[in-house]
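See structure below.
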Amino acid sequence: AQTLDPISYTLRFDSPHTHYVSIEAHIPTSGRTHIELMMATWTPGSYLIREFARHVESLTAQTPDGHPLAVEKSRKNRWIVATSDADSIVVSYVVYGREMSVRTNWIDADFAMLNGAPTFLTLADDGKRPHDVKLELPSVWNQGLTGLNPHPNGEPNAYRAEDYDILVDSPIIVGNPTVYEFTVDDTPHQLVNIGESGVWLGAKSATDVEQITHEIHQMWGVMPYDRYLFFNMITEAGGGLEHRNSTLIMSSRWDTTSRRNYLRWLGLVSHELFHAWNVKQLRPIEFGLLDYETEIHTESLWIVEGLTSYYADLAVHRAGLSTQDEYLRALSAQIRNLQTTPGRGVQPLGLASYDAWIKYYRRDENSRNSSVSYYTKGAVVGFLLDMQIRAATADSETLDDLMRLAYARFPHTRGFTAEEFRSTAQAVAGTDLSQWFSRAVDTTEDLDYSTALDWLGLEFSDEPESEHSGWVGLVTRTNNGRLLIGEVLRGTPAHTAGFNVDDELLAIGAHRVLPDQWSQRISQAEPGSELEVLVSRRGELRRIHVTIGLRRSNRWELQFAEQPTPSQEQHRLRWLAGN
């Protein structure tokens with residue numbers, strides 16, 4: 001096939017403190033009298049239409065010799081440009097970037113963080129075409145880093161993407177990062193830290209990331225990339241997004257000073273790296289041809305996100321970076337999160353995946369009542385599926401084996417259907433799992449934990465949090481010193497009593513309750529007793545009577561059985577060791 005001429009971009013940061021990047025794009029016309037440009041409306045891995053074109057400004061076009069060309073907006077994210085029969089045209093525009101998230105852009109005096117989808121215009125409805133990128137760095141910045149390949153011409157800070165998909169999937173970091181290098185399976189890796197500030201423990205974090213990489217590579221047995229970059233933006237923010245040979249994650253400089261927060265950060269690193277295999281290579285068939293202007297629906301996000309969430313903390317433990325108790329607490333937190341979400345009885349797991357575009361990233365005060373997270377329930381289903389396979393095969397096969405077999409069966413060029421993944425799981429387990437999958441994925445029935453607990457010699461704690469554990473099921477928030485209801489959870493005493501979101505909580509009985517007093521007053525109330533609560537609803541005073549319930553969030557805390565059998569102890573050791 002004939003190689004199409006590349007689109008070439010030059011990025012300039014003339015005044016980064018204003019949060020703008022200037023982009024000059026040289027675009028071949030292929031002899032057309034008009035070309036149409038487009039900007040993506042979403043970015044892979046984050047399933048929401050984000051309307052990136054809203055940050056594009058001052059778009060103009062001209063011929064290479066400077067003759068102005070007419071530009072007409074044709075859609076919210078498309079532009080038609082008259083070419084005047086020129087072989088190529090020059091399109092100039094600026095992009096505003098000041099959203100501190102892993103899906104968007106951030107530009108300031110200290111660094112620039114650019115994602116492909118919200119940065120680069122491209123030819124609409126085009127074929128596979130190279131996209132070249134050149135960075136012009138301000139004198140105060142010393143380095144640009146990206147997963148893109150260096151440009152064949154060898155120029156510094158110049159790169160080439162084989163096509164638009166790769167361009168979108170390769171974030172760019174520019175500034176003065178601290179870079180740590182290590183090698184796994186003869187493959188170079190870099191931990192790129194922006195913002196260590198003398199607080200973040202860079203060398204330790206790099207060593208631990210290397211151990212996680214060894215563990216995940218050992219589990220899969222293959223390396224899906226020829227190099228990998230961990231972009232760690234230490235910006236007092238959070239989140240992570242996977243890419244083909246890199247990840248963009250956000251953290252706090254204080255995360256390495258807190259054991260709990262550091263383990264959470266290591267779990268995030270583990271999660272995003274695991275995606276280099278699970279979703280970037282092993283993927284749902286629906287992700288075969290990406291349409292960057294339209295939602296792509298699949299019922300299999302629970303596989304690529306949920307199973308990845310299951311392995312995230314497990315890989316940290318298997319890498320020797322968390323204790324057995326710490327890992328069980330992390331797994332318990334996922335189970336507790338699921339089992340205390342009323343929406344698990346409303347939305348099946350497969351539908352939660354399909355509806356990610358309209359539900360997961362558009363949360364409101366009723367989300368916990370009406371929906372379930374495919375991350376959280378998918379992780380718990382992954383744990384239970386692992387134990388189903390282990391129990392059915394006497395530990396000779398595991399979820400690890402299922403993931404490896406699926407990886408071999410369904411190459412990136414094809415992908416898998418939901419039914420094919422289930423069939424592969426049944427082949428590994430050597431038994432019919434159709435009813436098990438139907439209950440776990442297709443219905444809202446509660447999950448059955450019995451097989452997993454029996455196999456591992458675990459049980460759930462049934463101890464109340466304290467002697468007095470009063471509870472009503474309200475989630476509160478404060479606003480200008482006012483105590484307001486943020487959520488009313490379905491099936492709770494508060495829901496039965498008739499509290500509403502945005503009610504202002506004023507008093508319990510005849511006594512005023514201040515924002516910092518509500519939780520203590522409720523927790524100290526005797527379960528089964530009745531309280532009268534004074535609220536203001538749109539300025540009207542109302543008295544609501546509520547019966548206090550008993551809070552038992554510890555109900556979902558995993559603990560060791562008092563007298564596990566030797567076989568249960570052996571099963572547990574094999575699971576935690578990755579055998």
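Please note that chains go A, B, ... in the order of the structure tokens, that every chain numbers its residues from 1, and that ligands are numbered from 1 in the order shown.
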
Using the chain letters and numbers from this document, which residues of segment 287-511 of chain A does DSSP assign to strand (DSSP E or B), as a list in words?
-> Phe416, Leu458, Glu459, Phe460, Gly470, Trp471, Leu474, Val475, Thr476, Arg477, Thr478, Asn479, Arg482, Leu483, Leu484, Ile485, Gly486, Glu487, Val488, Glu504, Leu505, Leu506, Ala507, Ile508 and His511 of chain A

Print the selection's residues with N, CA, C and O atoms to a file, as an mmCIF file, in the first residue's frame.
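File written: selection-v7.cif
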data_model
loop_
_atom_site.group_PDB
_atom_site.id
_atom_site.type_symbol
_atom_site.label_atom_id
_atom_site.label_comp_id
_atom_site.auth_asym_id
_atom_site.auth_seq_id
_atom_site.Cartn_x
_atom_site.Cartn_y
_atom_site.Cartn_z
ATOM 1 N N PHE A 416 -11.941 -9.848 21.401
ATOM 2 C CA PHE A 416 -12.827 -10.930 21.825
ATOM 3 C C PHE A 416 -14.249 -10.413 21.989
ATOM 4 O O PHE A 416 -14.479 -9.238 22.259
ATOM 5 N N LEU A 458 -11.385 -18.316 54.526
ATOM 6 C CA LEU A 458 -11.663 -16.947 54.950
ATOM 7 C C LEU A 458 -13.119 -16.847 55.381
ATOM 8 O O LEU A 458 -13.943 -17.699 55.041
ATOM 9 N N GLU A 459 -13.431 -15.800 56.121
ATOM 10 C CA GLU A 459 -14.800 -15.514 56.502
ATOM 11 C C GLU A 459 -14.956 -14.011 56.670
ATOM 12 O O GLU A 459 -13.969 -13.278 56.764
ATOM 13 N N PHE A 460 -16.196 -13.558 56.680
ATOM 14 C CA PHE A 460 -16.479 -12.146 56.908
ATOM 15 C C PHE A 460 -16.702 -11.906 58.393
ATOM 16 O O PHE A 460 -17.383 -12.677 59.066
ATOM 17 N N GLY A 470 -24.984 3.625 65.853
ATOM 18 C CA GLY A 470 -26.177 4.122 65.214
ATOM 19 C C GLY A 470 -25.909 4.587 63.792
ATOM 20 O O GLY A 470 -24.815 5.054 63.466
ATOM 21 N N TRP A 471 -26.930 4.482 62.957
ATOM 22 C CA TRP A 471 -26.738 4.765 61.523
ATOM 23 C C TRP A 471 -28.092 5.029 60.892
ATOM 24 O O TRP A 471 -29.097 4.417 61.277
ATOM 25 N N LEU A 474 -27.471 8.479 55.628
ATOM 26 C CA LEU A 474 -27.322 9.758 54.947
ATOM 27 C C LEU A 474 -25.853 10.028 54.655
ATOM 28 O O LEU A 474 -24.984 9.722 55.468
ATOM 29 N N VAL A 475 -25.590 10.645 53.510
ATOM 30 C CA VAL A 475 -24.272 11.194 53.202
ATOM 31 C C VAL A 475 -24.424 12.707 53.227
ATOM 32 O O VAL A 475 -25.263 13.264 52.503
ATOM 33 N N THR A 476 -23.656 13.380 54.087
ATOM 34 C CA THR A 476 -23.829 14.826 54.264
ATOM 35 C C THR A 476 -22.673 15.598 53.641
ATOM 36 O O THR A 476 -21.623 15.048 53.334
ATOM 37 N N ARG A 477 -22.892 16.886 53.459
ATOM 38 C CA ARG A 477 -21.865 17.799 52.987
ATOM 39 C C ARG A 477 -22.107 19.153 53.646
ATOM 40 O O ARG A 477 -23.201 19.417 54.173
ATOM 41 N N THR A 478 -21.106 19.986 53.666
ATOM 42 C CA THR A 478 -21.256 21.326 54.236
ATOM 43 C C THR A 478 -21.110 22.369 53.140
ATOM 44 O O THR A 478 -20.345 22.183 52.192
ATOM 45 N N ASN A 479 -21.836 23.455 53.296
ATOM 46 C CA ASN A 479 -21.800 24.559 52.335
ATOM 47 C C ASN A 479 -22.011 25.859 53.094
ATOM 48 O O ASN A 479 -23.090 26.100 53.627
ATOM 49 N N ARG A 482 -23.397 25.435 56.471
ATOM 50 C CA ARG A 482 -24.675 24.729 56.548
ATOM 51 C C ARG A 482 -24.444 23.239 56.330
ATOM 52 O O ARG A 482 -23.657 22.838 55.481
ATOM 53 N N LEU A 483 -25.149 22.419 57.104
ATOM 54 C CA LEU A 483 -25.052 20.970 56.991
ATOM 55 C C LEU A 483 -26.180 20.480 56.086
ATOM 56 O O LEU A 483 -27.358 20.560 56.448
ATOM 57 N N LEU A 484 -25.810 19.982 54.894
ATOM 58 C CA LEU A 484 -26.785 19.583 53.885
ATOM 59 C C LEU A 484 -26.689 18.088 53.607
ATOM 60 O O LEU A 484 -25.637 17.463 53.794
ATOM 61 N N ILE A 485 -27.786 17.531 53.134
ATOM 62 C CA ILE A 485 -27.795 16.125 52.735
ATOM 63 C C ILE A 485 -27.313 16.021 51.300
ATOM 64 O O ILE A 485 -27.857 16.662 50.397
ATOM 65 N N GLY A 486 -26.275 15.200 51.085
ATOM 66 C CA GLY A 486 -25.730 15.004 49.746
ATOM 67 C C GLY A 486 -26.302 13.784 49.049
ATOM 68 O O GLY A 486 -26.513 13.793 47.839
ATOM 69 N N GLU A 487 -26.563 12.708 49.812
ATOM 70 C CA GLU A 487 -27.131 11.489 49.256
ATOM 71 C C GLU A 487 -28.041 10.852 50.296
ATOM 72 O O GLU A 487 -27.774 10.910 51.503
ATOM 73 N N VAL A 488 -29.113 10.232 49.806
ATOM 74 C CA VAL A 488 -29.981 9.415 50.648
ATOM 75 C C VAL A 488 -29.945 8.013 50.061
ATOM 76 O O VAL A 488 -30.454 7.777 48.953
ATOM 77 N N GLU A 504 -31.475 20.819 54.667
ATOM 78 C CA GLU A 504 -30.500 21.312 55.627
ATOM 79 C C GLU A 504 -30.835 20.747 57.004
ATOM 80 O O GLU A 504 -31.954 20.916 57.501
ATOM 81 N N LEU A 505 -29.866 20.059 57.621
ATOM 82 C CA LEU A 505 -30.065 19.456 58.936
ATOM 83 C C LEU A 505 -29.818 20.521 59.996
ATOM 84 O O LEU A 505 -28.730 21.099 60.079
ATOM 85 N N LEU A 506 -30.833 20.783 60.823
ATOM 86 C CA LEU A 506 -30.761 21.879 61.795
ATOM 87 C C LEU A 506 -30.674 21.408 63.234
ATOM 88 O O LEU A 506 -29.904 21.963 64.028
ATOM 89 N N ALA A 507 -31.472 20.413 63.611
ATOM 90 C CA ALA A 507 -31.524 20.016 65.012
ATOM 91 C C ALA A 507 -31.957 18.565 65.128
ATOM 92 O O ALA A 507 -32.641 18.023 64.254
ATOM 93 N N ILE A 508 -31.533 17.946 66.232
ATOM 94 C CA ILE A 508 -32.017 16.628 66.616
ATOM 95 C C ILE A 508 -32.808 16.820 67.906
ATOM 96 O O ILE A 508 -32.262 17.259 68.928
ATOM 97 N N HIS A 511 -32.431 20.133 70.252
ATOM 98 C CA HIS A 511 -31.076 20.649 70.355
ATOM 99 C C HIS A 511 -30.464 20.863 68.965
ATOM 100 O O HIS A 511 -30.555 20.011 68.085
#

Counting only C-alpha atoms, what is within 10 Å of segment 272-276 of chain A, bar same-chain residues fewer than 2 positions away, as a PyMOL selection string?
-> chain A and resi 45+209+212-213+216-217+220+223-225+228-230+239-249+267-270+278-283+304-305+307-309+311-312+315

List the neighbours of Glu181 of chain A out to 7 Å using only C-alpha atoms; skip same-chain residues closer than 5 positions along the sequence, and give me the result as a PyMOL selection string.
-> chain A and resi 189-191

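Across the model, the gap from atom CA of His271 of chain A to atom CA of Gly320 of chain A is 16.2 Å.
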
Give the helix (DSSP H, G or I) residues of segment 300-407 of chain A, as assigned by DSSP on the backbone, as a PyMOL selection string.
-> chain A and resi 301-318+324-339+342-345+349-357+367-370+374-392+399-407

Leaving out segment 356-358 of chain A and any residue of its chain fewer than 3 positions from it, which residues lie within 10 Å of it when counting only C-alpha atoms, given as a list in words?
-> Ser46, Tyr47, Leu48, Ile49, Glu295, Ile296, His297, Thr298, Glu299, Leu301, Leu351, Ala352, Ser353, Tyr361, Arg362, Arg363, Ser373 and Tyr374 of chain A

May I have the residues within 9 Å of segment 68-72 of chain A as a PyMOL selection string, using only C-alpha atoms and disregarding those fewer than 2 positions away in the same chain?
-> chain A and resi 59-63+66+74+78-84+89

Once you have the residues from the selection above, write them out as a PDB file, in the first residue's frame, restricted to N, CA and C atoms.
ATOM      1  N   LEU A  59      -8.277  29.567  14.951  1.00  0.00           N
ATOM      2  CA  LEU A  59      -7.871  28.655  13.875  1.00  0.00           C
ATOM      3  C   LEU A  59      -7.871  29.400  12.541  1.00  0.00           C
ATOM      4  N   THR A  60      -6.742  29.401  11.864  1.00  0.00           N
ATOM      5  CA  THR A  60      -6.598  30.012  10.542  1.00  0.00           C
ATOM      6  C   THR A  60      -5.862  29.055   9.622  1.00  0.00           C
ATOM      7  N   ALA A  61      -5.964  29.337   8.316  1.00  0.00           N
ATOM      8  CA  ALA A  61      -5.277  28.495   7.336  1.00  0.00           C
ATOM      9  C   ALA A  61      -4.687  29.371   6.241  1.00  0.00           C
ATOM     10  N   GLN A  62      -3.596  28.874   5.650  1.00  0.00           N
ATOM     11  CA  GLN A  62      -2.952  29.580   4.540  1.00  0.00           C
ATOM     12  C   GLN A  62      -2.177  28.585   3.697  1.00  0.00           C
ATOM     13  N   THR A  63      -1.803  29.018   2.508  1.00  0.00           N
ATOM     14  CA  THR A  63      -0.927  28.207   1.668  1.00  0.00           C
ATOM     15  C   THR A  63       0.499  28.308   2.197  1.00  0.00           C
ATOM     16  N   GLY A  66       1.904  31.719   2.166  1.00  0.00           N
ATOM     17  CA  GLY A  66       1.286  32.749   2.976  1.00  0.00           C
ATOM     18  C   GLY A  66      -0.046  33.271   2.494  1.00  0.00           C
ATOM     19  N   SER A  74     -17.870  23.289  10.255  1.00  0.00           N
ATOM     20  CA  SER A  74     -18.888  22.426   9.673  1.00  0.00           C
ATOM     21  C   SER A  74     -19.634  21.603  10.710  1.00  0.00           C
ATOM     22  N   ARG A  78     -15.478  20.058  13.726  1.00  0.00           N
ATOM     23  CA  ARG A  78     -14.939  19.926  12.372  1.00  0.00           C
ATOM     24  C   ARG A  78     -14.852  21.297  11.699  1.00  0.00           C
ATOM     25  N   TRP A  79     -13.864  21.401  10.798  1.00  0.00           N
ATOM     26  CA  TRP A  79     -13.646  22.618  10.024  1.00  0.00           C
ATOM     27  C   TRP A  79     -13.379  22.234   8.574  1.00  0.00           C
ATOM     28  N   ILE A  80     -13.985  22.958   7.626  1.00  0.00           N
ATOM     29  CA  ILE A  80     -13.700  22.769   6.198  1.00  0.00           C
ATOM     30  C   ILE A  80     -12.802  23.913   5.731  1.00  0.00           C
ATOM     31  N   VAL A  81     -11.728  23.544   5.045  1.00  0.00           N
ATOM     32  CA  VAL A  81     -10.755  24.529   4.583  1.00  0.00           C
ATOM     33  C   VAL A  81     -10.654  24.445   3.067  1.00  0.00           C
ATOM     34  N   ALA A  82     -10.794  25.584   2.392  1.00  0.00           N
ATOM     35  CA  ALA A  82     -10.561  25.653   0.942  1.00  0.00           C
ATOM     36  C   ALA A  82      -9.055  25.652   0.695  1.00  0.00           C
ATOM     37  N   THR A  83      -8.587  24.845  -0.238  1.00  0.00           N
ATOM     38  CA  THR A  83      -7.143  24.653  -0.418  1.00  0.00           C
ATOM     39  C   THR A  83      -6.532  25.531  -1.502  1.00  0.00           C
ATOM     40  N   SER A  84      -7.362  26.143  -2.363  1.00  0.00           N
ATOM     41  CA  SER A  84      -6.842  26.890  -3.522  1.00  0.00           C
ATOM     42  C   SER A  84      -5.909  26.017  -4.360  1.00  0.00           C
ATOM     43  N   ILE A  89      -1.383  22.651   2.945  1.00  0.00           N
ATOM     44  CA  ILE A  89      -1.762  23.917   3.561  1.00  0.00           C
ATOM     45  C   ILE A  89      -1.185  23.968   4.974  1.00  0.00           C
TER      46      ILE A  89
END

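The shortest atom-to-atom distance to His317 of chain A, with only C-alpha atoms taken into account, belongs to A:Gln211 out of A:Ser469, A:Gln211, A:Ser92, A:Ser536.
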